[in-house]
Amino acid sequence: MPAEVLSPQESRLAALAAGRPDPFEISHARAARLVKRIEGQKPVIDVERALHFTRAMASSEGRPLPLRWAEALRRVAENVTVHVTEDQLLLGRAGRHGRHGILYPELDGDFLDLAVAGLPNRPGSPADISPEDARLVIDEIAPFWKGRTYHEALNLALPEDVHRLTYDDPQGLISRFIVNETSSFRSSIQWVHDYAKILNHGFSALHQAAREQLEGLDPYGVDDQTRRRPFYEAAIIVCEAVATWARRHAALARSKAELEPDLRRRQELVEMAQIAERVPWAPARTFREAVQSQWFVQVFSRLEQKTGTIISNGRMDQYLFPFYERDVREGRLDEAQALELLECVWAGLAEFVDLYISPAGGAFNEGYAHWEAVTIGGQKPDGTDATNELTSLILRSKREFPLHYPDLAARVHSRSPEAYLWDVAETVKHGSGFPKLVNDEEVVPLYVKKGASFAEALDYAVSGCTEARMPNRDTYTSGGAYVNFAAALEMTLRDGRMLKYGDVQLGPRTGPASAFASYDDLWAAYLRQHLNLLRAAFIQQRHVNRLRALHFAQPMGSILHDLAFASAVDLHQERVPGGLDFGYVEFIGYGTVTDSLAALKKIVFEERRLTMAQALEALDRDFEGFEDVRALLASAPCYGNDDPYADEIAKELDRVSVEFAEKYSKELGVNNDVRYVPFTSHVPFGKVVSATPNGRRAWFPLSDGSSPSQGADRQGPTAVLLSNHNTKNLDLSARAARMINIKFTPKCLEGDDGTAKLVDFIRAFCDLKLWHVQFNVINQQTLIEAQKAPDRHRGLIVRIAGYSAYFADLSADLQNDLIARCSHGRL
């Protein structure tokens with residue numbers, strides 16, 4: 001029997017397990033030392049940001065919110081502990097500890113004291129906190145925020161019927177996982193700054209521009225004095241705060257240099273200090289200054305607010321390339337030095353953990369999820385291909401760097417160079433789930449249709465999991481609802497109730513399912529439940545948008561945005577003049593619902609091989625003693641196989657959702673588009689849904705994104721792409737990202753022939769105008785062994801849902817979900 005083909009990741013881990021030296025430690029010595037200090041550490045919560053932010057907010061009540069926020073950031077910048085990390089070439093960290101997370105009491109202060117006590121031992125994404133810091137949270141931080149948080153306001157504002165579908169308790173602390181609000185997990189959804197603005201001009205230019213705006217205000221103008229003045233005063237304060245924070249790092253680096261015995265490290269520290277004395281206040285002049293300036297902006301963003309999925313890095317191969325190209329040309333920089341600086345960024349990213357304090361937030365983002373997307377490739381604003389030497393260097397770095405940082409996103413288009421796609425394919429084959437691919441041929445036309453110029457749309461950056469942002473044009477920051485449409489299916493079969501919630505009437509009464517005489521009866525009942533959940537989601541969103549403007553501000557993010565700065569409107573307000581507002585409503589369980597409806601239509605109503613009563617009895621028993629019924633239902637046509645029978649049902653599900661969004665988004669005043677991006681929410685959502693007619697057992701994860709149900713894609717990966725294409729309603733525009741997961745065996749992609757096949761597959765994905773695809777390249781047996789012996793597979797990285805994580809950090813439910821996904825051995 002031939003030996004099993006391993007991915008490069010599997011080969012590396014096998015070599016380490018056998019005691020062989022790690023080549024990364026030899027060829028990337030600095031990065032290896034940085035990695036070793038934090039690898040496998042449980043994160044530690046740092047409360048300094050929360051403490052100083054709270055004290056500042058407590059002393060400024062009643063003043064304009066952007067100004068209060070800026071003053072709080074100034075207090076944070078002046079008082080949080082600054083660090084110089086051993087071996088690092090970059091300065092800037094958000095917490096005192098090696099691998100750390102920070103608290104945002106403005107989000108969850110009403111229950112922060114309770115949550116902190118349970119964090120060290122919670123099953124998903126635990127974190128430690130010292131007794132002293134826990135006491136500060138309990139005695140000082142949390143008490144101030146009780147009665148003042150956005151979460152409490154939203155909980156009180158939701159109408160009773162919407163509240164019942166959103167929360168499972170009066171306080172809104174426990175999610176029902178039916179119409180799940182996500183806006184209280186974070187003060188902003190994913191975001192991308194215009195980093196080039198700071199690299200090329202510095203905060204000094206924004207500081208001067210804000211001063212000029214202040215000087216030009218009408219001293220008698222009510223709007224100028226009550227709205228515009230606080231905004232520009234906040235802009236000046238936050239520019240100075242960032243500079244203060246950077247210079248505190250510079251001073252510490254200089255003091256450490258004086259005590260450093262190693263000459264080389266002493267010189268590094270002096271240079272680090274000199275750079276931090278200049279940037280980000282002044283424009284960057286070199287690649288190293290540009291990298292440091294960008295890093296300061298990114299880390300300070302984390303101190304400013306909790307951005308969903310962490311602040312993204314934008315088009316790094318574009319805004320850094322002029323500095324790289326000039327330094328290489330003038331002899332100041334070589335490829336190895338640039339690679340080392342990038343690895344310092346990646347190591348810095350790995351130190352910070354985006355902690356979700358609420359149980360629902362933690363369930364959505366297992367395995368210390370992170371999406372600080374670095375975007376490469378794609379097109380320039382003039383429509384020409386954007387790849388360059390830095391694009392290739394970042395891909396090389398991703399193959400060599402052993403952690404799941406950064407989250408790398410590769411833009412592709414119909415004219416992407418063959419060499420670039422080959423490089424992307426080779427990186428995918430490495431097996432750690434990078435890069436994810438986002439398709440210009442879908443994103444750009446949709447954004448132009450919705451109001452962007454071609455230049456703006458062509459310059460989008462991947463942000464968060466699968467989303468795209470146009471810096472200086474995107475203005476929407478509110479989190480959207482995640483809707484469990486498998487719950488709608490169960491309510492259809494149980495007259496508006498769910499087994500999990502007993503006698504609670506969650507949806508409209510649509511009658512006993514055993515009385516449905518035809519598929520049309522079933523579909524009509526399902527449609528009522530489906531639309532009822534969408535109705536609740538849009539009502540919820542109206543309250544979210546209204547209330548967030550009263551509770552959150554982001555003065556730094558706003559001054560980095562052309563429209564927000566010009567109009568003196570904070571990005572967290574409901575409307576920034578001239579902006580494009582792209583929100584979303586999340587469709588969870590697409591494959592599960594499609595396959596279940598297809599099974600009932602085929603087996604019960606058309607072929608009459610089962611009665612509805614028999615099917616319902618099997619579901620009530622979770623198929624125990626009904627394995628023949630389960631097999632029969634599972635034999636029906638399934639989504640993901642390029643089968644018109646199932647795909648037509650899936651397309652109709654999409655149509656009713658997108659039509660609803662197109663109609664009622666107008667009332668919200670935003671593009672509240674239909675999206676298929678679950679993160680890991682399909683796992684907790686599945687835990688409230690009993691057995692479904694596609695053969696899925698009770699409480700098992702739902703299908704994820706727009707991927708097929710687990711193991712249902714029996715006709716190969718190309719059929720998965722075709723089903724996604726077939727089920728899009730191209731005549732409608734209220735649609736957004738679709739997330740597709742594909743799992744290959746390493747044998748399938750072996751050698752140059754395998755790489756060529758994968759490049760062709762990527763070309764097909766591009767030609768079909770699908771939004772997103774991501775890959776796992778791993779042997780099924782590796783996952784099974786890693787589940788049995790996690791200590792021997794601590795370094796195994798897998799692709800989850802728009803991000804990668806250590807397999808050992810995932811819950812057993814999510815591990816089983818990954819194992820159950822179909823592993824394609826042929827392409």
# chains A, B, ... in the order shown; residues from 1 in each chain; ligands from 1
$ closest_atom_pairs --of "region 162-231 of chain A" --to "region 575-588 of chain A" --cutoff "12 Å" --atoms "only C-alpha atoms" --output "CSV"
residue,atom,partner,partner_atom,distance
A:Phe177,CA,A:Ile588,CA,10.3
A:Ile178,CA,A:Ile588,CA,9.5
A:Val179,CA,A:Glu586,CA,9.4
A:Asn180,CA,A:Glu586,CA,9.4
A:Glu181,CA,A:Val585,CA,10.0
A:Thr182,CA,A:Glu586,CA,10.5
A:Ser183,CA,A:Gly583,CA,11.6
A:Ser188,CA,A:Gly583,CA,11.4
A:Ile189,CA,A:Gly583,CA,9.2
A:Gln190,CA,A:Gly583,CA,11.0
A:Trp191,CA,A:Phe582,CA,11.8
$ residues_around --residues "region 427-429 of chain A" --least-positions-apart "3" --cutoff "12 Å" --atoms "only C-alpha atoms" --output "number ranges by chain"
A: 5-10, 392-401, 408-410, 420-424, 432-437, 742-752, 754-759, 762, 773-778, 798-799
$ residues_around --residues "region 293-296 of chain A" --least-positions-apart "3" --cutoff "7 Å" --atoms "only C-alpha atoms" --output "list in words"
Gly92, Tyr195, Leu199, Val279, Pro280, Glu289, Ala290, Val299 and Phe300 of chain A
$ closest_residue --among "A:Leu252, A:Ala77, A:Ala536, A:Leu633" --to "Val604 (chain A)" --atoms "only C-alpha atoms"
A:Leu633
$ select_by_dssp --residues "region 682-797 of chain A" --states "helix (DSSP H, G or I)" --output "count of residues only"
49
$ residues_around --residues "His249 (chain A)" --least-positions-apart "4" --cutoff "12 Å" --atoms "only C-alpha atoms" --output "ChimeraX atom specification"
/A:77-85,90-93,242-245,253-256,269-270,272-279,292,296
$ atom_distance --atom1 "CA of Ser709 (chain A)" --atom2 "CA of Asp673 (chain A)"
22.9 Å
$ residues_around --residues "region 223-229 of chain A" --least-positions-apart "6" --cutoff "8 Å" --atoms "only C-alpha atoms" --output "MDAnalysis selection string"
chainID A and resid 214 217 568:569
$ write_last_selection --atoms "all heavy atoms" --output "short mmCIF file (atom, residue, chain, number, x, y, z; two decimals), in the first residue's frame"
data_model
loop_
_atom_site.label_atom_id
_atom_site.label_comp_id
_atom_site.auth_asym_id
_atom_site.auth_seq_id
_atom_site.Cartn_x
_atom_site.Cartn_y
_atom_site.Cartn_z
N LEU A 214 -11.39 74.12 12.89
CA LEU A 214 -11.85 74.84 14.07
C LEU A 214 -11.79 76.35 13.87
O LEU A 214 -12.72 77.08 14.25
CB LEU A 214 -10.99 74.45 15.29
CG LEU A 214 -11.35 73.17 16.03
CD1 LEU A 214 -10.35 72.90 17.15
CD2 LEU A 214 -12.76 73.25 16.60
N LEU A 217 -14.77 77.82 11.88
CA LEU A 217 -16.14 77.68 12.33
C LEU A 217 -16.80 79.04 12.56
O LEU A 217 -16.16 80.01 12.97
CB LEU A 217 -16.18 76.86 13.63
CG LEU A 217 -15.74 75.40 13.55
CD1 LEU A 217 -15.83 74.75 14.92
CD2 LEU A 217 -16.57 74.62 12.54
N ALA A 568 -17.65 66.16 9.74
CA ALA A 568 -17.60 66.21 11.21
C ALA A 568 -18.67 65.30 11.82
O ALA A 568 -19.35 65.66 12.78
CB ALA A 568 -17.75 67.63 11.71
N VAL A 569 -18.80 64.10 11.26
CA VAL A 569 -19.76 63.11 11.76
C VAL A 569 -19.00 61.84 12.12
O VAL A 569 -18.30 61.27 11.27
CB VAL A 569 -20.85 62.80 10.71
CG1 VAL A 569 -21.76 61.68 11.21
CG2 VAL A 569 -21.66 64.04 10.39
#
$ select_by_dssp --residues "region 572-812 of chain A" --states "strand (DSSP E or B)" --output "PDB file with N, CA and C atoms, in the first residue's frame"
ATOM      1  N   LEU A 580     -21.520  55.000   1.841  1.00  0.00           N
ATOM      2  CA  LEU A 580     -22.272  53.817   1.449  1.00  0.00           C
ATOM      3  C   LEU A 580     -22.374  52.899   2.664  1.00  0.00           C
ATOM      4  N   PHE A 582     -23.231  49.413   4.036  1.00  0.00           N
ATOM      5  CA  PHE A 582     -23.413  48.002   3.714  1.00  0.00           C
ATOM      6  C   PHE A 582     -23.535  47.204   5.010  1.00  0.00           C
ATOM      7  N   GLY A 583     -24.776  46.851   5.350  1.00  0.00           N
ATOM      8  CA  GLY A 583     -25.019  45.967   6.477  1.00  0.00           C
ATOM      9  C   GLY A 583     -25.347  44.573   5.976  1.00  0.00           C
ATOM     10  N   TYR A 584     -25.871  43.743   6.859  1.00  0.00           N
ATOM     11  CA  TYR A 584     -26.154  42.363   6.460  1.00  0.00           C
ATOM     12  C   TYR A 584     -27.155  41.729   7.404  1.00  0.00           C
ATOM     13  N   VAL A 585     -27.831  40.725   6.894  1.00  0.00           N
ATOM     14  CA  VAL A 585     -28.579  39.776   7.702  1.00  0.00           C
ATOM     15  C   VAL A 585     -28.043  38.405   7.306  1.00  0.00           C
ATOM     16  N   GLU A 586     -27.688  37.612   8.298  1.00  0.00           N
ATOM     17  CA  GLU A 586     -26.959  36.363   8.051  1.00  0.00           C
ATOM     18  C   GLU A 586     -27.912  35.178   7.911  1.00  0.00           C
ATOM     19  N   PHE A 587     -27.765  34.431   6.819  1.00  0.00           N
ATOM     20  CA  PHE A 587     -28.553  33.209   6.589  1.00  0.00           C
ATOM     21  C   PHE A 587     -27.749  32.037   7.135  1.00  0.00           C
ATOM     22  N   ILE A 588     -28.232  31.453   8.226  1.00  0.00           N
ATOM     23  CA  ILE A 588     -27.549  30.314   8.852  1.00  0.00           C
ATOM     24  C   ILE A 588     -28.359  29.047   8.580  1.00  0.00           C
ATOM     25  N   ASN A 671     -28.044  49.318   3.066  1.00  0.00           N
ATOM     26  CA  ASN A 671     -28.086  48.077   2.287  1.00  0.00           C
ATOM     27  C   ASN A 671     -27.958  46.907   3.260  1.00  0.00           C
ATOM     28  N   ASN A 672     -29.081  46.440   3.766  1.00  0.00           N
ATOM     29  CA  ASN A 672     -29.041  45.324   4.715  1.00  0.00           C
ATOM     30  C   ASN A 672     -29.139  44.013   3.933  1.00  0.00           C
ATOM     31  N   ASP A 673     -28.010  43.604   3.371  1.00  0.00           N
ATOM     32  CA  ASP A 673     -27.975  42.534   2.385  1.00  0.00           C
ATOM     33  C   ASP A 673     -27.951  41.147   3.019  1.00  0.00           C
ATOM     34  N   VAL A 674     -28.357  40.156   2.245  1.00  0.00           N
ATOM     35  CA  VAL A 674     -28.338  38.761   2.695  1.00  0.00           C
ATOM     36  C   VAL A 674     -26.936  38.198   2.518  1.00  0.00           C
ATOM     37  N   ARG A 675     -26.427  37.597   3.573  1.00  0.00           N
ATOM     38  CA  ARG A 675     -25.056  37.090   3.588  1.00  0.00           C
ATOM     39  C   ARG A 675     -25.059  35.662   4.118  1.00  0.00           C
ATOM     40  N   TYR A 676     -24.054  34.894   3.742  1.00  0.00           N
ATOM     41  CA  TYR A 676     -23.937  33.491   4.164  1.00  0.00           C
ATOM     42  C   TYR A 676     -22.559  33.274   4.788  1.00  0.00           C
ATOM     43  N   ARG A 735     -27.549  41.286  -2.015  1.00  0.00           N
ATOM     44  CA  ARG A 735     -26.811  40.089  -1.614  1.00  0.00           C
ATOM     45  C   ARG A 735     -25.364  40.478  -1.353  1.00  0.00           C
ATOM     46  N   ALA A 736     -24.750  39.701  -0.487  1.00  0.00           N
ATOM     47  CA  ALA A 736     -23.363  39.990  -0.113  1.00  0.00           C
ATOM     48  C   ALA A 736     -22.574  38.685  -0.134  1.00  0.00           C
ATOM     49  N   ALA A 737     -21.650  38.535   0.789  1.00  0.00           N
ATOM     50  CA  ALA A 737     -20.700  37.429   0.732  1.00  0.00           C
ATOM     51  C   ALA A 737     -21.380  36.065   0.895  1.00  0.00           C
ATOM     52  N   ARG A 738     -20.864  35.109   0.142  1.00  0.00           N
ATOM     53  CA  ARG A 738     -21.158  33.689   0.354  1.00  0.00           C
ATOM     54  C   ARG A 738     -19.830  33.017   0.695  1.00  0.00           C
ATOM     55  N   ASN A 741     -16.531  26.550   1.935  1.00  0.00           N
ATOM     56  CA  ASN A 741     -15.433  25.738   2.464  1.00  0.00           C
ATOM     57  C   ASN A 741     -15.231  24.513   1.572  1.00  0.00           C
ATOM     58  N   ILE A 742     -13.987  24.270   1.176  1.00  0.00           N
ATOM     59  CA  ILE A 742     -13.650  23.077   0.392  1.00  0.00           C
ATOM     60  C   ILE A 742     -12.508  22.358   1.106  1.00  0.00           C
ATOM     61  N   LYS A 743     -12.626  21.044   1.247  1.00  0.00           N
ATOM     62  CA  LYS A 743     -11.558  20.255   1.882  1.00  0.00           C
ATOM     63  C   LYS A 743     -10.994  19.267   0.865  1.00  0.00           C
ATOM     64  N   PHE A 744      -9.679  19.355   0.625  1.00  0.00           N
ATOM     65  CA  PHE A 744      -8.973  18.454  -0.280  1.00  0.00           C
ATOM     66  C   PHE A 744      -8.036  17.549   0.515  1.00  0.00           C
ATOM     67  N   HIS A 772     -16.386  34.082  -2.452  1.00  0.00           N
ATOM     68  CA  HIS A 772     -15.316  33.637  -1.543  1.00  0.00           C
ATOM     69  C   HIS A 772     -15.175  32.127  -1.586  1.00  0.00           C
ATOM     70  N   VAL A 773     -13.944  31.665  -1.425  1.00  0.00           N
ATOM     71  CA  VAL A 773     -13.690  30.241  -1.207  1.00  0.00           C
ATOM     72  C   VAL A 773     -12.454  30.101  -0.323  1.00  0.00           C
ATOM     73  N   GLN A 774     -12.457  29.072   0.511  1.00  0.00           N
ATOM     74  CA  GLN A 774     -11.297  28.784   1.360  1.00  0.00           C
ATOM     75  C   GLN A 774     -11.126  27.276   1.436  1.00  0.00           C
ATOM     76  N   PHE A 775      -9.912  26.862   1.800  1.00  0.00           N
ATOM     77  CA  PHE A 775      -9.557  25.449   1.664  1.00  0.00           C
ATOM     78  C   PHE A 775      -8.923  24.894   2.935  1.00  0.00           C
ATOM     79  N   ASN A 776      -9.232  23.645   3.211  1.00  0.00           N
ATOM     80  CA  ASN A 776      -8.416  22.805   4.081  1.00  0.00           C
ATOM     81  C   ASN A 776      -7.757  21.756   3.197  1.00  0.00           C
ATOM     82  N   VAL A 777      -6.454  21.583   3.349  1.00  0.00           N
ATOM     83  CA  VAL A 777      -5.731  20.525   2.638  1.00  0.00           C
ATOM     84  C   VAL A 777      -5.091  19.654   3.708  1.00  0.00           C
ATOM     85  N   ILE A 797      -2.892  23.411  12.434  1.00  0.00           N
ATOM     86  CA  ILE A 797      -3.749  24.539  12.068  1.00  0.00           C
ATOM     87  C   ILE A 797      -4.771  24.089  11.031  1.00  0.00           C
ATOM     88  N   VAL A 798      -6.021  24.479  11.240  1.00  0.00           N
ATOM     89  CA  VAL A 798      -7.095  24.134  10.301  1.00  0.00           C
ATOM     90  C   VAL A 798      -7.891  25.382   9.962  1.00  0.00           C
ATOM     91  N   ARG A 799      -8.582  25.330   8.822  1.00  0.00           N
ATOM     92  CA  ARG A 799      -9.439  26.429   8.405  1.00  0.00           C
ATOM     93  C   ARG A 799     -10.824  26.210   8.974  1.00  0.00           C
ATOM     94  N   SER A 804      -8.326  30.752  10.466  1.00  0.00           N
ATOM     95  CA  SER A 804      -7.675  29.494  10.837  1.00  0.00           C
ATOM     96  C   SER A 804      -7.380  29.509  12.332  1.00  0.00           C
ATOM     97  N   ALA A 805      -7.307  28.319  12.912  1.00  0.00           N
ATOM     98  CA  ALA A 805      -7.058  28.197  14.344  1.00  0.00           C
ATOM     99  C   ALA A 805      -6.410  26.849  14.608  1.00  0.00           C
ATOM    100  N   TYR A 806      -5.867  26.708  15.826  1.00  0.00           N
ATOM    101  CA  TYR A 806      -5.345  25.412  16.224  1.00  0.00           C
ATOM    102  C   TYR A 806      -6.509  24.452  16.426  1.00  0.00           C
TER     103      TYR A 806
END
$ residues_around --residues "Leu34 (chain A)" --least-positions-apart "5" --cutoff "10 Å" --atoms "only C-alpha atoms" --output "PyMOL selection string"
chain A and resi 29+39+85-88+98+343-344+346-348+350-351
$ write_last_selection --atoms "N, CA, C and O atoms" --output "short mmCIF file (atom, residue, chain, number, x, y, z; two decimals), in the first residue's frame"
data_model
loop_
_atom_site.label_atom_id
_atom_site.label_comp_id
_atom_site.auth_asym_id
_atom_site.auth_seq_id
_atom_site.Cartn_x
_atom_site.Cartn_y
_atom_site.Cartn_z
N ALA A 29 15.44 32.98 12.74
CA ALA A 29 15.78 32.88 14.16
C ALA A 29 15.01 33.89 15.01
O ALA A 29 14.48 33.55 16.08
N GLU A 39 3.68 30.84 22.03
CA GLU A 39 2.99 29.68 21.45
C GLU A 39 2.44 28.79 22.54
O GLU A 39 3.14 28.38 23.47
N THR A 85 9.35 44.65 23.59
CA THR A 85 9.40 43.19 23.60
C THR A 85 10.78 42.71 23.15
O THR A 85 11.30 43.18 22.13
N GLU A 86 11.34 41.80 23.89
CA GLU A 86 12.64 41.25 23.55
C GLU A 86 12.62 40.67 22.13
O GLU A 86 11.68 39.96 21.76
N ASP A 87 13.62 41.01 21.35
CA ASP A 87 13.80 40.53 19.96
C ASP A 87 12.92 41.26 18.95
O ASP A 87 13.18 41.19 17.75
N GLN A 88 11.89 41.97 19.40
CA GLN A 88 11.02 42.66 18.45
C GLN A 88 11.74 43.86 17.82
O GLN A 88 12.55 44.52 18.46
N GLY A 98 2.37 38.63 27.66
CA GLY A 98 2.82 38.10 26.38
C GLY A 98 1.67 37.90 25.41
O GLY A 98 1.52 38.61 24.42
N GLU A 343 7.51 39.52 9.56
CA GLU A 343 7.35 38.49 10.59
C GLU A 343 7.20 39.12 11.98
O GLU A 343 6.51 38.56 12.84
N CYS A 344 7.81 40.28 12.20
CA CYS A 344 7.61 40.99 13.46
C CYS A 344 6.16 41.46 13.59
O CYS A 344 5.58 41.46 14.68
N TRP A 346 3.58 39.89 12.12
CA TRP A 346 2.78 38.68 12.35
C TRP A 346 2.89 38.23 13.81
O TRP A 346 1.88 37.84 14.42
N ALA A 347 4.09 38.29 14.37
CA ALA A 347 4.26 37.89 15.78
C ALA A 347 3.51 38.84 16.70
O ALA A 347 2.92 38.42 17.71
N GLY A 348 3.52 40.13 16.38
CA GLY A 348 2.76 41.08 17.17
C GLY A 348 1.27 40.81 17.11
O GLY A 348 0.55 40.92 18.12
N ALA A 350 -0.07 37.96 16.76
CA ALA A 350 -0.34 36.73 17.51
C ALA A 350 -0.38 36.96 19.01
O ALA A 350 -0.96 36.16 19.75
N GLU A 351 0.23 38.06 19.48
CA GLU A 351 0.21 38.34 20.92
C GLU A 351 -1.17 38.76 21.39
O GLU A 351 -1.54 38.53 22.54
#
$ residues_around --residues "Gln505 (chain A)" --least-positions-apart "4" --cutoff "9 Å" --atoms "only C-alpha atoms" --output "mmCIF file with C-alpha atoms, in the first residue's frame"
data_model
loop_
_atom_site.group_PDB
_atom_site.id
_atom_site.type_symbol
_atom_site.label_atom_id
_atom_site.label_comp_id
_atom_site.auth_asym_id
_atom_site.auth_seq_id
_atom_site.Cartn_x
_atom_site.Cartn_y
_atom_site.Cartn_z
ATOM 1 C CA ASP A 495 -46.574 24.587 14.633
ATOM 2 C CA GLY A 496 -44.349 27.489 15.661
ATOM 3 C CA ARG A 497 -42.528 25.714 18.507
ATOM 4 C CA MET A 498 -39.143 24.031 18.942
ATOM 5 C CA TYR A 501 -37.829 25.476 24.053
ATOM 6 C CA ARG A 509 -49.097 28.883 14.241
#
$ atom_distance --atom1 "CA of His824 (chain A)" --atom2 "CA of Glu372 (chain A)"
28.9 Å
$ atom_distance --atom1 "CA of Ala468 (chain A)" --atom2 "CA of Lys450 (chain A)"
13.4 Å
$ closest_residue --among "A:Ala241, A:Leu730, A:Val720, A:Val44" --to "Leu827 (chain A)" --atoms "only C-alpha atoms"
A:Val720
